[in-house]
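Next up, final-v6.tsv (TSV, C-alpha atoms):
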```tsv
chain	number	residue	atom	x	y	z
A	1	MET	CA	0.00	0.00	0.00
A	2	LYS	CA	1.08	3.58	-0.50
A	3	TYR	CA	1.22	6.47	1.95
A	4	GLN	CA	-2.24	7.86	1.08
A	5	GLN	CA	-3.92	4.47	1.53
A	6	PHE	CA	-2.15	4.06	4.87
A	7	LEU	CA	-3.55	7.43	6.01
A	8	ARG	CA	-7.09	6.41	4.97
A	9	GLU	CA	-6.82	3.15	6.95
A	10	LEU	CA	-5.46	5.06	9.93
A	11	GLU	CA	-8.36	7.52	9.82
A	12	ALA	CA	-10.79	4.59	9.64
A	13	GLY	CA	-9.20	3.15	12.79
A	14	ARG	CA	-7.76	0.06	11.10
A	15	ILE	CA	-4.44	-0.37	12.90
A	16	ALA	CA	-2.30	-3.40	12.09
A	17	SER	CA	-0.13	-5.14	14.67
A	18	VAL	CA	2.87	-5.03	12.35
A	19	TYR	CA	3.98	-2.62	9.62
A	20	LEU	CA	6.94	-2.54	7.31
A	21	PHE	CA	7.64	1.03	6.16
A	22	GLU	CA	9.92	0.57	3.18
A	23	GLY	CA	11.26	2.89	0.54
A	24	GLU	CA	13.48	5.89	0.03
A	25	GLU	CA	11.18	8.81	0.91
A	26	ASP	CA	12.16	9.37	4.54
A	27	TYR	CA	10.10	12.54	5.00
A	28	LEU	CA	6.83	10.72	4.26
A	29	LYS	CA	7.89	7.82	6.49
A	30	GLU	CA	8.44	10.18	9.41
A	31	GLU	CA	5.15	11.94	8.71
A	32	ALA	CA	3.28	8.62	8.64
A	33	LEU	CA	4.98	7.49	11.82
A	34	LYS	CA	4.04	10.76	13.53
A	35	LYS	CA	0.38	10.37	12.50
A	36	LEU	CA	0.33	6.74	13.69
A	37	LYS	CA	1.86	7.77	17.00
A	38	GLU	CA	-0.69	10.60	17.44
A	39	ARG	CA	-3.51	8.17	16.68
A	40	ILE	CA	-2.62	5.34	19.06
A	41	ILE	CA	-0.45	6.79	21.87
A	42	LEU	CA	-1.94	9.05	24.53
A	43	PRO	CA	0.30	12.14	24.85
A	44	HIS	CA	0.87	11.85	28.61
A	45	TYR	CA	1.89	8.19	28.33
A	46	GLU	CA	4.36	8.41	25.47
A	47	ASP	CA	7.29	7.56	27.76
A	48	PHE	CA	5.59	4.29	28.69
A	49	ASN	CA	4.01	3.26	25.41
A	50	TYR	CA	6.47	4.40	22.73
A	51	GLU	CA	9.93	3.02	22.07
A	52	LYS	CA	12.29	3.58	19.16
A	53	LEU	CA	15.08	1.06	18.54
A	54	SER	CA	17.74	0.59	15.90
A	55	ALA	CA	18.44	-2.83	14.44
A	56	LEU	CA	22.11	-1.85	14.56
A	57	ASN	CA	21.99	-1.78	18.38
A	58	ALA	CA	19.06	-4.02	19.32
A	59	SER	CA	18.50	-7.66	18.45
A	60	ALA	CA	15.21	-9.17	17.31
A	61	ILE	CA	14.82	-10.77	20.75
A	62	GLN	CA	15.09	-7.36	22.45
A	63	THR	CA	12.56	-5.99	19.98
A	64	ILE	CA	10.09	-8.81	20.68
A	65	GLU	CA	10.54	-8.26	24.42
A	66	SER	CA	9.66	-4.58	23.93
A	67	VAL	CA	6.63	-5.40	21.82
A	68	SER	CA	5.49	-7.98	24.36
A	69	THR	CA	5.36	-5.38	27.14
A	70	LEU	CA	1.76	-4.46	27.88
A	71	PRO	CA	0.68	-0.86	27.24
A	72	PHE	CA	0.16	1.45	30.21
A	73	LYS	CA	-3.16	3.36	30.30
A	74	GLY	CA	-3.74	2.92	26.60
A	75	LYS	CA	-4.87	0.44	24.01
A	76	TYR	CA	-1.54	0.10	22.18
A	77	ARG	CA	2.19	0.18	22.68
A	78	LEU	CA	4.18	1.45	19.67
A	79	VAL	CA	7.64	0.04	18.99
A	80	VAL	CA	9.62	1.36	16.02
A	81	VAL	CA	12.73	-0.41	14.75
A	82	ASP	CA	14.97	1.28	12.22
A	83	ALA	CA	17.17	-0.54	9.66
A	84	VAL	CA	15.65	-4.02	9.99
A	85	ASP	CA	17.28	-4.95	6.69
A	86	LYS	CA	20.65	-4.77	8.54
A	87	TRP	CA	19.75	-7.61	10.90
A	88	SER	CA	21.44	-10.96	10.50
A	89	GLU	CA	19.57	-13.89	8.99
A	90	LYS	CA	19.10	-15.26	12.50
A	91	ASP	CA	17.46	-12.04	13.76
A	92	GLN	CA	15.30	-11.81	10.66
A	93	GLY	CA	14.25	-15.43	11.25
A	94	ILE	CA	13.26	-14.59	14.84
A	95	LEU	CA	11.18	-11.65	13.61
A	96	THR	CA	9.61	-13.88	10.94
A	97	SER	CA	8.49	-16.26	13.70
A	98	TYR	CA	7.01	-13.34	15.65
A	99	LEU	CA	5.05	-12.18	12.59
A	100	GLU	CA	3.16	-15.46	12.55
A	101	ASN	CA	1.52	-14.54	15.87
A	102	PRO	CA	2.04	-10.85	16.74
A	103	VAL	CA	0.99	-9.28	20.03
A	104	LYS	CA	-2.38	-7.55	19.52
A	105	SER	CA	-1.80	-4.87	22.17
A	106	SER	CA	1.29	-3.56	20.39
A	107	CYS	CA	2.07	-2.04	17.04
A	108	LEU	CA	5.50	-2.85	15.63
A	109	VAL	CA	6.77	-0.60	12.84
A	110	CYS	CA	9.90	-1.72	11.02
A	111	LEU	CA	11.65	0.96	8.97
A	112	THR	CA	13.95	0.22	6.07
A	113	GLY	CA	15.11	1.62	2.77
A	114	LYS	CA	14.71	-0.54	-0.28
A	115	PHE	CA	13.96	-4.04	0.96
A	116	ASP	CA	14.74	-7.25	-0.94
A	117	ARG	CA	11.32	-8.60	-1.85
A	118	ARG	CA	12.69	-12.12	-2.31
A	119	ARG	CA	13.49	-12.50	1.39
A	120	LYS	CA	11.36	-14.65	3.64
A	121	LEU	CA	10.87	-11.74	6.05
A	122	TYR	CA	9.32	-9.61	3.30
A	123	ARG	CA	6.94	-12.42	2.31
A	124	GLU	CA	5.94	-12.85	5.96
A	125	PHE	CA	5.16	-9.11	6.18
A	126	GLN	CA	2.96	-9.51	3.09
A	127	LYS	CA	1.11	-12.41	4.69
A	128	ASN	CA	0.76	-11.29	8.32
A	129	GLY	CA	1.43	-7.55	8.35
A	130	LYS	CA	1.07	-4.44	6.26
A	131	ILE	CA	3.72	-3.10	3.92
A	132	VAL	CA	3.64	0.62	3.28
A	133	SER	CA	5.85	1.83	0.43
A	134	PHE	CA	7.40	5.30	0.50
A	135	TYR	CA	9.02	6.19	-2.78
A	136	PRO	CA	9.79	9.63	-4.22
A	137	LEU	CA	6.72	11.35	-5.59
A	138	TRP	CA	6.25	12.02	-9.30
A	139	ASP	CA	6.18	15.62	-10.52
A	140	GLU	CA	2.38	15.85	-10.55
A	141	GLU	CA	2.21	14.26	-7.09
A	142	ILE	CA	4.71	16.86	-5.83
A	143	ILE	CA	2.45	19.64	-7.10
A	144	ASP	CA	-0.55	18.10	-5.30
A	145	TRP	CA	1.55	17.61	-2.15
A	146	ILE	CA	2.64	21.28	-2.14
A	147	GLN	CA	-0.95	22.46	-2.62
A	148	GLU	CA	-2.19	20.18	0.18
A	149	ARG	CA	0.58	21.28	2.51
A	150	ILE	CA	-0.15	24.98	1.95
A	151	LYS	CA	-3.91	24.44	2.20
A	152	LYS	CA	-3.41	22.62	5.51
A	153	GLU	CA	-1.84	25.82	6.86
A	154	GLY	CA	-4.89	27.81	5.74
A	155	GLU	CA	-3.02	29.59	2.96
A	156	GLU	CA	-3.23	29.68	-0.83
A	157	ILE	CA	-0.65	29.70	-3.61
A	158	ASP	CA	-1.15	30.67	-7.24
A	159	SER	CA	-0.10	28.25	-9.95
A	160	GLU	CA	2.86	30.35	-11.13
A	161	ALA	CA	4.36	30.47	-7.63
A	162	LEU	CA	3.57	26.79	-7.15
A	163	PHE	CA	5.49	25.74	-10.27
A	164	TYR	CA	8.33	28.13	-9.45
A	165	LEU	CA	8.66	26.63	-5.98
A	166	LYS	CA	8.67	23.09	-7.37
A	167	GLU	CA	11.23	23.91	-10.08
A	168	ARG	CA	13.48	25.86	-7.73
A	169	ILE	CA	13.50	23.36	-4.85
A	170	GLY	CA	13.00	20.07	-6.70
A	171	ASN	CA	11.43	16.85	-5.40
A	172	ASN	CA	13.01	16.74	-1.95
A	173	LEU	CA	10.03	16.90	0.42
A	174	GLN	CA	12.13	17.91	3.42
A	175	ASN	CA	13.47	20.95	1.56
A	176	LEU	CA	10.06	21.77	0.12
A	177	ASN	CA	8.50	21.63	3.57
A	178	GLN	CA	11.13	24.01	4.96
A	179	GLU	CA	10.56	26.48	2.14
A	180	ILE	CA	6.79	26.27	2.56
A	181	GLU	CA	7.19	27.01	6.28
A	182	LYS	CA	9.29	30.07	5.40
A	183	LEU	CA	6.62	31.27	2.95
A	184	ILE	CA	3.85	30.84	5.49
A	185	ILE	CA	5.78	32.75	8.16
A	186	PHE	CA	6.52	35.54	5.69
```
In structure tokens, how does this file's structure come out?
Amino acid sequence: MKYQQFLRELEAGRIASVYLFEGEEDYLKEEALKKLKERIILPHYEDFNYEKLSALNASAIQTIESVSTLPFKGKYRLVVVDAVDKWSEKDQGILTSYLENPVKSSCLVCLTGKFDRRRKLYREFQKNGKIVSFYPLWDEEIIDWIQERIKKEGEEIDSEALFYLKERIGNNLQNLNQEIEKLIIF
């Protein structure tokens, strides 16, 4: 599924126990993660119910222990693991076993760049989790994204300025967002 479909499912309250956020568009990944976190974690209990790990420093066993911890004063616990593609085959195998029967009171989000779709772990995510793909937007999608972003701030932009902004900044959403923030402040 793509970012927009993920947002629609999130708004409808359909939260999966396990997500794989894969692809090269890090800005959209962070935005999606932020929206998921806002949706399922109560603000005052973030310290108890939210944990971010890196596969470079934490093993799959440590991750499963974190996910297995019950949430405090909330429905879900959110555990985010970055760079799961860097885990050894053994750790990926352990995570694959977990995916067969994930904890329902937790939401595990695994972040990665481009993931090898031939791997067993990827196939297990397809079968028992949700895969959300984040790839760079096409030119027309960038234009729509800029318009949406400006509209969300309660502002308007004419088409000439819109195309100038897109041509001047390019397709990097992080840079575009920063420039849009500057325009809105000005």
**Request:** For Asp47 (chain A), work out the shell of residues within 12 Å, counting all atoms listed in the file and skipping chain neighbours fewer than 4 positions away, then give it as a PyMOL selection string.
**Result:** chain A and resi 41-43+51-52+71-73+77-79
**Message:** If I take CA of Asp144 (chain A) and CA of Lys166 (chain A), how far is one from the other in Å, to one decimal?
**Reply:** 10.7 Å
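Residue nearest Ile180 (chain A) within the list A:Tyr164, A:Ile150, A:Ser159, A:Arg123: A:Ile150 [criterion: smallest interatomic distance, all atoms listed in the file].
Nearest residue to Ile15 (chain A) among A:Lys127, A:Arg39, A:Arg149, A:Lys86 is A:Arg39, counting all atoms listed in the file.
Going from CA of Arg119 (chain A) to CA of Glu22 (chain A) covers 13.7 Å.
Comparing the minimum interatomic distances between Tyr76 (chain A) and each of A:Leu28, A:Cys110, A:Ile94, A:Val18, counting all atoms listed in the file, we find that A:Val18 sits nearest.
For the set A:Ser133, A:Asn57, A:Asn175, A:Thr69, the residue with the smallest atom-to-atom gap to Val103 (chain A) is A:Thr69, counting only C-alpha atoms.
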**Message:** Could you list, as a PyMOL selection string, every residue within 10 Å of region 96-101 of chain A, counting only C-alpha atoms and ignoring same-chain residues fewer than 2 positions away?
**Reply:** chain A and resi 17-18+60-61+64+90-94+103-104+108+120-125+127-129
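The closest residue to Trp87 (chain A), picked from A:Gly113, A:Ala58, A:Pro102, A:Glu141 and counting all atoms listed in the file, is A:Ala58.
Comparing the minimum interatomic distances between Glu24 (chain A) and each of A:Leu111, A:Ile157, A:Ile185, A:Ile146, counting all atoms listed in the file, we find that A:Leu111 sits nearest.
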**Message:** as a PyMOL selection string, please: the residues near Leu10 (chain A) (cut-off 12 Å, all atoms listed in the file, same-chain neighbours under 4 positions excluded).
**Reply:** chain A and resi 3-6+14-16+32-40
